[in-house]
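Have a look at start_11.tsv below; it lists TSV, C-alpha atoms and all ligand atoms.
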chain	number	residue	atom	x	y	z
A	1	MET	CA	83.55	151.99	121.23
A	2	LEU	CA	82.76	154.77	118.78
A	3	ASP	CA	79.13	155.48	118.03
A	4	PHE	CA	78.65	155.94	114.31
A	5	THR	CA	74.99	155.02	114.17
A	6	GLU	CA	72.85	157.02	111.76
A	7	GLU	CA	71.26	158.75	114.78
A	8	SER	CA	74.56	159.93	116.22
A	9	LEU	CA	75.82	161.00	112.81
A	10	LYS	CA	72.69	163.04	112.23
A	11	LYS	CA	73.30	164.86	115.49
A	12	VAL	CA	76.87	165.70	114.52
A	13	LEU	CA	75.85	166.78	111.04
A	14	THR	CA	73.02	168.95	112.31
A	15	ARG	CA	75.31	170.61	114.85
A	16	TYR	CA	77.72	171.57	112.09
A	17	ASN	CA	75.39	173.30	109.72
A	18	VAL	CA	78.47	174.20	107.80
A	19	ALA	CA	76.99	175.88	104.77
A	20	LEU	CA	74.96	178.34	106.78
A	21	GLU	CA	77.26	179.10	109.70
A	22	LYS	CA	80.28	180.58	107.97
A	23	GLU	CA	81.85	180.90	104.56
A	24	MET	CA	84.25	178.02	104.07
A	25	THR	CA	85.91	176.14	101.27
A	26	PRO	CA	84.47	172.64	100.73
A	27	GLU	CA	87.67	171.20	102.23
A	28	GLU	CA	87.31	173.31	105.38
A	29	ALA	CA	83.63	172.42	105.66
A	30	ALA	CA	84.48	168.73	105.31
A	31	GLU	CA	87.26	169.01	107.88
A	32	GLU	CA	84.66	170.13	110.45
A	33	LEU	CA	82.62	167.01	109.80
A	34	TYR	CA	85.26	164.28	109.77
A	35	PRO	CA	85.39	162.03	112.83
A	36	LYS	CA	88.48	162.57	114.95
A	37	ASP	CA	89.32	158.88	115.40
A	38	GLU	CA	92.84	158.44	114.00
A	39	LEU	CA	91.99	155.29	112.05
A	40	ILE	CA	88.65	156.47	110.67
A	41	TYR	CA	89.63	160.08	109.86
A	42	PRO	CA	91.96	159.27	106.92
A	43	ILE	CA	89.38	156.93	105.37
A	44	ALA	CA	86.53	159.45	105.63
A	45	LYS	CA	88.79	162.17	104.21
A	46	ALA	CA	89.90	159.95	101.31
A	47	ILE	CA	86.25	159.19	100.47
A	48	PHE	CA	85.46	162.91	100.40
A	49	GLU	CA	88.51	163.60	98.22
A	50	GLY	CA	87.67	160.69	95.91
A	51	GLU	CA	91.15	159.20	96.39
A	52	GLU	CA	90.71	155.44	95.88
A	53	ASP	CA	94.31	154.54	96.77
A	54	ASP	CA	94.14	156.47	100.03
A	55	VAL	CA	90.82	154.78	100.88
A	56	VAL	CA	92.39	151.34	100.46
A	57	GLU	CA	95.52	152.42	102.36
A	58	GLY	CA	93.39	153.70	105.25
A	59	LEU	CA	91.30	150.54	105.31
A	60	GLN	CA	94.44	148.38	105.35
A	61	ALA	CA	95.84	150.39	108.25
A	62	ALA	CA	92.58	149.94	110.19
A	63	ILE	CA	92.57	146.20	109.48
A	64	ASP	CA	96.23	145.97	110.57
A	65	ALA	CA	95.20	147.71	113.79
A	66	GLY	CA	92.66	144.94	114.45
A	67	LYS	CA	89.42	146.23	112.90
A	68	GLU	CA	87.18	143.74	111.09
A	69	ALA	CA	87.07	144.58	107.36
A	70	ILE	CA	83.30	144.19	107.04
A	71	THR	CA	82.58	146.53	109.97
A	72	LEU	CA	84.62	149.27	108.28
A	73	ILE	CA	81.89	149.66	105.64
A	74	ASP	CA	79.56	151.17	108.22
A	75	ASP	CA	82.12	152.55	110.65
A	76	ALA	CA	84.39	154.34	108.16
A	77	LEU	CA	83.22	154.34	104.52
A	78	MET	CA	79.64	155.33	105.39
A	79	VAL	CA	80.97	158.05	107.69
A	80	GLY	CA	82.91	159.55	104.77
A	81	MET	CA	79.91	159.23	102.47
A	82	ALA	CA	77.72	160.98	105.08
A	83	VAL	CA	80.05	163.99	104.85
A	84	VAL	CA	79.76	163.95	101.04
A	85	THR	CA	75.96	163.66	101.17
A	86	LYS	CA	75.65	166.47	103.71
A	87	LEU	CA	77.80	168.90	101.74
A	88	TYR	CA	76.07	167.99	98.47
A	89	ASP	CA	72.65	168.53	100.02
A	90	ASP	CA	73.89	171.90	101.38
A	91	GLY	CA	75.08	172.95	97.92
A	92	VAL	CA	78.71	173.13	99.06
A	93	ILE	CA	79.92	170.48	96.58
A	94	PHE	CA	78.52	169.38	93.23
A	95	LEU	CA	77.78	166.24	91.22
A	96	PRO	CA	81.34	165.67	89.84
A	97	ASN	CA	82.68	165.60	93.43
A	98	VAL	CA	79.96	163.17	94.44
A	99	MET	CA	80.81	160.91	91.50
A	100	MET	CA	84.47	160.75	92.50
A	101	SER	CA	83.54	159.99	96.09
A	102	ALA	CA	81.04	157.35	94.99
A	103	ASP	CA	83.75	155.60	92.94
A	104	ALA	CA	86.13	155.67	95.90
A	105	MET	CA	83.34	154.32	98.11
A	106	LEU	CA	82.67	151.43	95.72
A	107	ASP	CA	86.39	150.53	95.64
A	108	GLY	CA	86.40	150.64	99.43
A	109	ILE	CA	83.38	148.33	99.69
A	110	GLU	CA	85.06	145.89	97.26
A	111	PHE	CA	88.25	145.93	99.34
A	112	CYS	CA	86.30	145.25	102.55
A	113	LYS	CA	84.47	142.37	100.86
A	114	GLU	CA	87.73	140.82	99.61
A	115	ASN	CA	89.25	141.08	103.08
A	116	SER	CA	86.32	139.54	104.97
A	117	ASP	CA	85.98	135.89	105.88
A	118	THR	CA	82.71	134.66	104.47
A	119	ALA	CA	80.90	131.79	106.13
A	120	PRO	CA	81.78	128.53	104.34
A	121	GLU	CA	78.25	127.15	104.15
A	122	THR	CA	75.54	129.11	102.37
A	123	LYS	CA	72.35	129.78	104.31
A	124	GLY	CA	70.32	130.47	101.15
A	125	THR	CA	70.19	132.64	98.03
A	126	VAL	CA	69.14	136.29	97.89
A	127	VAL	CA	68.50	138.22	94.66
A	128	CYS	CA	69.53	141.90	94.94
A	129	HIS	CA	68.93	144.79	92.56
A	130	VAL	CA	68.63	148.56	92.15
A	131	ALA	CA	65.28	149.69	90.71
A	132	GLU	CA	64.84	150.14	86.98
A	133	GLY	CA	65.97	153.64	85.92
A	134	ASP	CA	68.10	154.17	89.04
A	135	VAL	CA	71.91	154.16	89.03
A	136	HIS	CA	72.43	154.74	92.76
A	137	ASP	CA	74.06	151.48	93.81
A	138	ILE	CA	76.14	152.29	96.89
A	139	GLY	CA	73.44	151.15	99.34
A	140	LYS	CA	72.79	147.99	97.32
A	141	ASN	CA	76.51	147.20	97.33
A	142	ILE	CA	76.58	147.49	101.11
A	143	VAL	CA	73.52	145.22	101.33
A	144	THR	CA	75.18	142.55	99.13
A	145	ALA	CA	78.45	142.78	101.07
A	146	LEU	CA	76.68	142.30	104.40
A	147	LEU	CA	74.53	139.45	103.10
A	148	ARG	CA	77.61	137.65	101.74
A	149	ALA	CA	79.52	138.28	104.95
A	150	ASN	CA	76.61	136.69	106.83
A	151	GLY	CA	76.70	133.50	104.79
A	152	PHE	CA	74.12	134.13	102.07
A	153	ASP	CA	74.66	133.51	98.36
A	154	VAL	CA	73.87	136.71	96.46
A	155	VAL	CA	72.69	137.01	92.88
A	156	ASP	CA	73.54	140.64	92.22
A	157	LEU	CA	71.52	142.02	89.30
A	158	GLY	CA	73.24	145.40	89.52
A	159	ARG	CA	71.73	148.83	89.02
A	160	ASP	CA	68.99	150.09	86.70
A	161	CYS	CA	67.66	146.54	86.57
A	162	PRO	CA	64.57	145.98	84.39
A	163	VAL	CA	61.53	144.65	86.26
A	164	ASP	CA	61.35	141.54	84.06
A	165	GLU	CA	64.98	140.66	84.84
A	166	VAL	CA	64.21	140.66	88.54
A	167	VAL	CA	61.24	138.38	88.01
A	168	ALA	CA	63.25	136.04	85.73
A	169	ALA	CA	66.06	135.86	88.32
A	170	VAL	CA	63.56	134.88	91.02
A	171	GLU	CA	62.12	132.14	88.79
A	172	GLU	CA	65.59	130.84	88.02
A	173	ASN	CA	67.30	131.08	91.43
A	174	LYS	CA	64.40	130.38	93.82
A	175	PRO	CA	65.78	132.81	96.44
A	176	ILE	CA	64.63	133.02	100.06
A	177	MET	CA	64.40	136.82	99.61
A	178	VAL	CA	64.64	139.57	97.00
A	179	THR	CA	66.04	143.01	97.80
A	180	GLY	CA	65.41	146.30	96.02
A	181	THR	CA	67.11	149.67	96.42
A	182	ALA	CA	65.72	152.97	95.08
A	183	LEU	CA	67.08	156.46	95.68
A	184	MET	CA	64.70	158.36	93.45
A	185	THR	CA	61.02	159.08	93.90
A	186	THR	CA	60.63	158.38	90.17
A	187	THR	CA	62.13	154.87	90.28
A	188	MET	CA	60.68	153.37	93.45
A	189	TYR	CA	57.40	152.56	91.67
A	190	ALA	CA	59.27	149.76	89.85
A	191	PHE	CA	59.07	147.85	93.15
A	192	LYS	CA	55.29	147.69	92.88
A	193	GLU	CA	55.64	146.30	89.34
A	194	VAL	CA	58.13	143.66	90.50
A	195	ASN	CA	55.73	142.77	93.32
A	196	ASP	CA	52.72	142.46	91.02
A	197	LYS	CA	54.54	140.25	88.51
A	198	LEU	CA	55.89	137.98	91.25
A	199	VAL	CA	52.44	137.64	92.83
A	200	GLU	CA	50.89	136.94	89.41
A	201	LYS	CA	53.33	134.05	88.95
A	202	GLY	CA	52.71	132.74	92.48
A	203	LEU	CA	56.27	133.61	93.56
A	204	ASN	CA	55.42	134.89	97.02
A	205	VAL	CA	58.96	135.57	98.19
A	206	PRO	CA	59.64	138.35	100.74
A	207	PHE	CA	60.76	141.50	98.92
A	208	ALA	CA	62.93	143.64	101.22
A	209	CYS	CA	63.06	147.22	99.97
A	210	GLY	CA	65.16	150.19	101.05
A	211	GLY	CA	67.08	153.20	99.80
A	212	GLY	CA	66.80	156.94	100.34
A	213	ALA	CA	63.56	157.42	98.39
A	214	VAL	CA	61.68	154.58	100.01
A	215	ASN	CA	59.77	154.55	103.28
A	216	GLN	CA	57.78	152.04	105.26
A	217	ASP	CA	54.35	153.36	104.24
A	218	PHE	CA	55.22	152.95	100.57
A	219	VAL	CA	56.63	149.44	100.94
A	220	ALA	CA	53.69	148.25	103.06
A	221	GLN	CA	51.37	149.02	100.12
A	222	TYR	CA	52.38	145.92	98.16
A	223	GLU	CA	51.87	142.33	99.28
A	224	LEU	CA	55.48	141.10	99.39
A	225	GLY	CA	57.10	144.30	100.67
A	226	VAL	CA	59.18	144.43	103.85
A	227	TYR	CA	60.85	147.75	104.62
A	228	GLY	CA	64.51	147.88	105.65
A	229	GLU	CA	65.95	151.15	106.90
A	230	GLU	CA	69.59	150.15	107.28
A	231	ALA	CA	71.70	147.87	105.11
A	232	ALA	CA	72.39	145.88	108.28
A	233	ASP	CA	68.68	144.97	108.37
A	234	ALA	CA	69.08	142.86	105.20
A	235	PRO	CA	70.94	139.93	106.82
A	236	LYS	CA	68.64	140.22	109.86
A	237	ILE	CA	65.55	139.90	107.66
A	238	ALA	CA	67.13	136.99	105.75
A	239	ASP	CA	68.01	135.23	109.02
A	240	ALA	CA	64.43	135.72	110.23
A	241	ILE	CA	63.15	134.15	106.99
A	242	ILE	CA	65.25	131.01	107.41
A	243	ALA	CA	64.07	130.87	111.00
A	244	GLY	CA	60.50	130.63	109.67
A	245	SER	CA	59.17	134.19	109.47
A	246	ASN	CA	56.60	135.05	106.81
A	247	ILE	CA	55.85	138.49	105.37
A	248	ALA	CA	53.35	139.36	108.12
A	249	THR	CA	55.73	138.43	110.94
A	250	LEU	CA	58.64	140.15	109.18
A	251	ARG	CA	56.60	143.36	109.06
A	252	GLU	CA	55.80	142.97	112.74
A	253	ALA	CA	59.47	142.60	113.56
A	254	PHE	CA	60.99	145.16	111.21
A	255	HIS	CA	58.35	147.85	110.69
A	256	LYS	CA	57.93	150.67	113.18
A	257	HIS	CA	54.40	150.77	114.50
B	1	LIG	C1	75.92	159.51	95.43
B	1	LIG	C2	74.77	160.14	94.67
B	1	LIG	C3	74.80	160.04	93.28
B	1	LIG	C4	75.90	159.30	92.52
B	1	LIG	C5	75.52	157.79	92.55
B	1	LIG	C6	76.75	156.90	92.47
B	1	LIG	C7	76.43	155.47	92.76
B	1	LIG	N1	77.21	154.61	92.17
B	1	LIG	O1	75.52	155.14	93.51
B	1	LIG	C8	75.75	159.92	91.10
B	1	LIG	C9	76.65	161.15	91.04
B	1	LIG	C10	76.06	159.01	89.92
B	1	LIG	C11	74.30	160.40	91.14
B	1	LIG	C12	73.54	160.62	90.00
B	1	LIG	C13	72.26	161.13	90.04
B	1	LIG	N2	71.57	161.56	91.10
B	1	LIG	CO1	72.17	161.27	92.91
B	1	LIG	N3	72.68	161.31	94.71
B	1	LIG	C14	73.70	160.82	95.35
B	1	LIG	C15	73.61	161.21	96.85
B	1	LIG	C16	74.52	162.43	97.09
B	1	LIG	C17	73.99	160.13	97.85
B	1	LIG	C18	73.26	158.78	97.65
B	1	LIG	C19	73.99	157.68	98.39
B	1	LIG	O2	74.78	156.95	97.81
B	1	LIG	N4	73.76	157.58	99.71
B	1	LIG	C20	74.46	156.62	100.55
B	1	LIG	C21	73.82	155.22	100.42
B	1	LIG	C22	74.58	154.24	101.29
B	1	LIG	O3	72.47	155.32	100.87
B	1	LIG	P1	71.27	154.37	100.39
B	1	LIG	O4	71.50	153.86	99.02
B	1	LIG	O5	70.01	155.05	100.70
B	1	LIG	O6	71.43	153.07	101.33
B	1	LIG	C23	71.24	153.11	102.74
B	1	LIG	C24	69.83	152.73	103.19
B	1	LIG	O7	68.84	153.30	102.40
B	1	LIG	C25	69.87	151.22	103.21
B	1	LIG	N5	69.39	150.46	102.05
B	1	LIG	C26	69.54	150.69	100.74
B	1	LIG	N6	68.99	149.71	100.03
B	1	LIG	C27	68.49	148.81	100.88
B	1	LIG	C28	67.86	147.59	100.66
B	1	LIG	C29	67.47	146.82	101.76
B	1	LIG	C30	66.82	145.52	101.56
B	1	LIG	C31	67.72	147.28	103.08
B	1	LIG	C32	67.33	146.47	104.25
B	1	LIG	C33	68.36	148.51	103.29
B	1	LIG	C34	68.75	149.26	102.19
B	1	LIG	O8	71.23	150.89	103.41
B	1	LIG	C35	72.08	152.03	103.33
B	1	LIG	C36	72.56	152.45	104.72
B	1	LIG	O9	72.77	151.43	105.58
B	1	LIG	C37	72.08	161.56	96.99
B	1	LIG	C38	71.73	162.59	98.07
B	1	LIG	C39	71.03	161.99	99.27
B	1	LIG	N7	70.70	162.85	100.18
B	1	LIG	O10	70.80	160.79	99.35
B	1	LIG	C40	71.74	162.03	95.57
B	1	LIG	C41	70.30	161.81	95.05
B	1	LIG	C42	69.81	160.41	95.42
B	1	LIG	N8	70.50	161.91	93.60
B	1	LIG	C43	69.53	162.51	93.00
B	1	LIG	C44	69.45	162.76	91.59
B	1	LIG	C45	68.27	163.58	91.12
B	1	LIG	C46	70.44	162.24	90.72
B	1	LIG	C47	70.50	162.43	89.20
B	1	LIG	C48	69.17	162.35	88.45
B	1	LIG	C49	71.23	163.77	88.95
B	1	LIG	C50	71.30	164.26	87.54
B	1	LIG	N9	70.73	165.42	87.36
B	1	LIG	O11	71.85	163.59	86.67
B	1	LIG	C51	71.43	161.26	88.79
B	1	LIG	C52	70.65	159.93	88.69
B	1	LIG	C53	70.65	159.26	87.43
B	1	LIG	C54	69.84	157.98	87.55
B	1	LIG	N10	69.10	157.66	86.54
B	1	LIG	O12	69.85	157.28	88.57
B	1	LIG	C55	68.43	162.95	93.98
B	1	LIG	C56	67.17	162.09	93.92
B	1	LIG	C57	65.93	162.96	94.13
B	1	LIG	C58	64.68	162.16	94.21
B	1	LIG	N11	64.09	162.16	95.38
B	1	LIG	O13	64.25	161.55	93.30
B	1	LIG	C59	69.21	162.93	95.34
B	1	LIG	C60	68.34	162.64	96.58
B	1	LIG	C61	69.90	164.32	95.49
B	1	LIG	C62	68.92	165.47	95.67
B	1	LIG	N12	68.76	165.93	96.91
B	1	LIG	O14	68.35	165.94	94.74
B	1	LIG	N13	73.87	160.58	92.41
Can you present the structure in this file as structure tokens?
Amino acid sequence: MLDFTEESLKKVLTRYNVALEKEMTPEEAAEELYPKDELIYPIAKAIFEGEEDDVVEGLQAAIDAGKEAITLIDDALMVGMAVVTKLYDDGVIFLPNVMMSADAMLDGIEFCKENSDTAPETKGTVVCHVAEGDVHDIGKNIVTALLRANGFDVVDLGRDCPVDEVVAAVEENKPIMVTGTALMTTTMYAFKEVNDKLVEKGLNVPFACGGGAVNQDFVAQYELGVYGEEAADAPKIADAIIAGSNIATLREAFHKH
């Protein structure tokens, strides 16, 4: 079983400090970072190259070889996106490359969703959004895919979602949980506004927040906040809620102390 946890990826990525070690083209640098697994390699490479058709072809091949579509989001698409993120952060590739990869990633997530069996009975509704002012929706799309795959109904409010729209959607849909994703230090403050408006209206629903910009200390500052590090935490938090957890017990279970 391959280990593509964030921890193991970090180790690989740190070992190959590609930008500093030697002069390489972006393609050569990426080649050093791809996993060697024959099913995962072509998918990761296609994400880096922004080739949507090749992403789908690679995913289909992996599914034909017996992989579960939904697991390929973490085990293959995220691995490719980790290469993109690393080389962007190192200044080896630039925003246009990232945009092409992000599009390919979103197509890949959609394909995995379409090819997954969702549970027939819904366990409850979850409202998901990306913070107002923020267009980074890859993490949110993984969260919604995993929630749906785990039997939850998702009301997806999309990216750059105004605070008032989140509040209105909670009033209308009466979800068991709200999720928020923010990748920018400038946008994460919208979560506090969502929290305050929900509390003001007596809508004390757990508000699971994640995304690159967000950390546990920030989320713990507002009443409804529960921090989630990994997209896979979202269905776990939702399951804990239907099993009877409240915000305090969710924090005990999901926050690092
Ligand atoms: C891809 C990307 C883009 C793409 C986004 C495409 C898309 N559709 O999302 C594009 C090219 C459009 C883009 C644009 C911009 N970007 Co950008 N982008 C990135 C990049 C390289 C990767 C982000 C990403 O998708 N990561 C992968 C996903 C999967 O991670 P994630 O969302 O965090 O989700 C994971 C977890 O956080 C968790 N999670 C997420 N949400 C939730 C919710 C719950 C409930 C739970 C439990 C878990 C969870 O699950 C996922 C993993 O399992 C980062 C660099 C970086 N190091 O992160 C910069 C970065 C986020 N971008 C940045 C910036 C500045 C911008 C721009 C302003 C650039 C510009 N000058 O125009 C614009 C933003 C415009 C706007 N208003 O939003 C900065 C933000 C800096 C900051 N701290 O504020 C970063 C950090 C780059 C940098 N180092 O400067 N970007």
Given 6 Å of margin on each side, can you work out the centre and size in Å (one decimal) of an axis-aligned box holding every listed atom of stretch 80-83 of chain A, as AutoDock Vina command-line options?
--center_x 80.3 --center_y 161.6 --center_z 103.8 --size_x 17.2 --size_y 16.8 --size_z 14.6
Would you kindly return, as a ChimeraX atom specification, each protein, DNA or RNA residue with an atom no farther than 7 Å from any atom of A:Val226, considering all atoms listed in the file and excluding same-chain residues fewer than 5 positions away? /A:206-209,219-220,247,250-251
Give me a file of those residues, with C-alpha atoms, as a short mmCIF file (atom, residue, chain, number, x, y, z; two decimals), in the coordinates of the input.
data_model
loop_
_atom_site.label_atom_id
_atom_site.label_comp_id
_atom_site.auth_asym_id
_atom_site.auth_seq_id
_atom_site.Cartn_x
_atom_site.Cartn_y
_atom_site.Cartn_z
CA PRO A 206 59.64 138.35 100.74
CA PHE A 207 60.76 141.50 98.92
CA ALA A 208 62.93 143.64 101.22
CA CYS A 209 63.06 147.22 99.97
CA VAL A 219 56.63 149.44 100.94
CA ALA A 220 53.69 148.25 103.06
CA ILE A 247 55.85 138.49 105.37
CA LEU A 250 58.64 140.15 109.18
CA ARG A 251 56.60 143.36 109.06
#
Between A:Leu198, A:Ala231, A:Ile109, A:Leu87, single out the one closest to ligand LIG 1 (chain B), counting all atoms listed in the file. A:Ala231
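Between ligand LIG 1 (chain B) and the residues A:Val194, A:Cys112, A:Leu39, A:Ile93, the shortest atom-to-atom distance, using only C-alpha atoms and all ligand atoms, involves A:Ile93.
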What does the list of residues within 6 Å of ligand LIG 1 (chain B) look like if you count all atoms listed in the file, written as a ChimeraX atom specification? /A:85,88-89,95,98-99,102,133-140,179-181,183-186,208-213,228-231,233-234
Residues of stretch 81-175 of chain A that have any atom at most 9 Å from an atom of stretch 27-30 of chain A: could you tabulate them with the shortest-distance atom pair and the distance in Å to one decimal, using only C-alpha atoms, ordered by chain and increasing number, as a Markdown table?
| residue | atom | partner | partner_atom | distance |
| --- | --- | --- | --- | --- |
| A:Val83 | CA | A:Ala30 | CA | 6.5 |
| A:Val84 | CA | A:Ala30 | CA | 8.0 |
| A:Leu87 | CA | A:Ala30 | CA | 7.6 |
| A:Val92 | CA | A:Ala29 | CA | 8.3 |
Based on the selection just made, write C-alpha atoms of those residues as an mmCIF file, in the frame of the given file.
data_model
loop_
_atom_site.group_PDB
_atom_site.id
_atom_site.type_symbol
_atom_site.label_atom_id
_atom_site.label_comp_id
_atom_site.auth_asym_id
_atom_site.auth_seq_id
_atom_site.Cartn_x
_atom_site.Cartn_y
_atom_site.Cartn_z
ATOM 1 C CA VAL A 83 80.050 163.990 104.850
ATOM 2 C CA VAL A 84 79.760 163.950 101.040
ATOM 3 C CA LEU A 87 77.800 168.900 101.740
ATOM 4 C CA VAL A 92 78.710 173.130 99.060
#
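Minimum atom-to-atom distances from A:Gly225, A:Val214, A:Glu23, A:Val167 to A:Glu200 were compared using only C-alpha atoms, and the lowest value belongs to A:Val167.
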One decimal, Å: what's the distance from atom CA of A:Val199 over to atom CA of A:Glu223, could you say? 8.0 Å
Using all atoms listed in the file, can you tell me which of A:Gly202, A:Lys192, A:Ala232, A:Leu72 comes closest to A:Arg148?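 Of the candidates, the smallest distance to A:Arg148 is held by A:Ala232.
Atom CA of A:Gln60 to atom CA of A:Leu77 spans 12.7 Å [interatomic distance, one decimal].
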Computed interatomic separation between atom CA of A:Val55 and atom CA of A:Lys113 (Å): 13.9 Å
Show me, as number ranges by chain, the residues that have an atom within 8 Å of A:Gly80 when counting all atoms listed in the file, minus same-chain residues fewer than 3 positions from it. A: 34, 43-48, 76-77, 83-84
Between A:Ile63, A:Leu147, A:Ala190, A:Val126, which residue has the minimum interatomic distance to A:Ala169, considering all atoms listed in the file?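 Closest residue, counting all atoms listed in the file: A:Val126.
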Residues at most 10 Å from A:Glu68, counting all atoms listed in the file, excluding those fewer than 3 positions away in the same chain, as an MDAnalysis selection string? chainID A and resid 59 62:65 71:73 112 115:117
Within 10 Å of A:Glu114, counting all atoms listed in the file, which residues qualify if same-chain residues fewer than 4 places away don't, as JSON, numbers by chain? {"A": [69, 70, 108, 109, 110, 118, 145]}
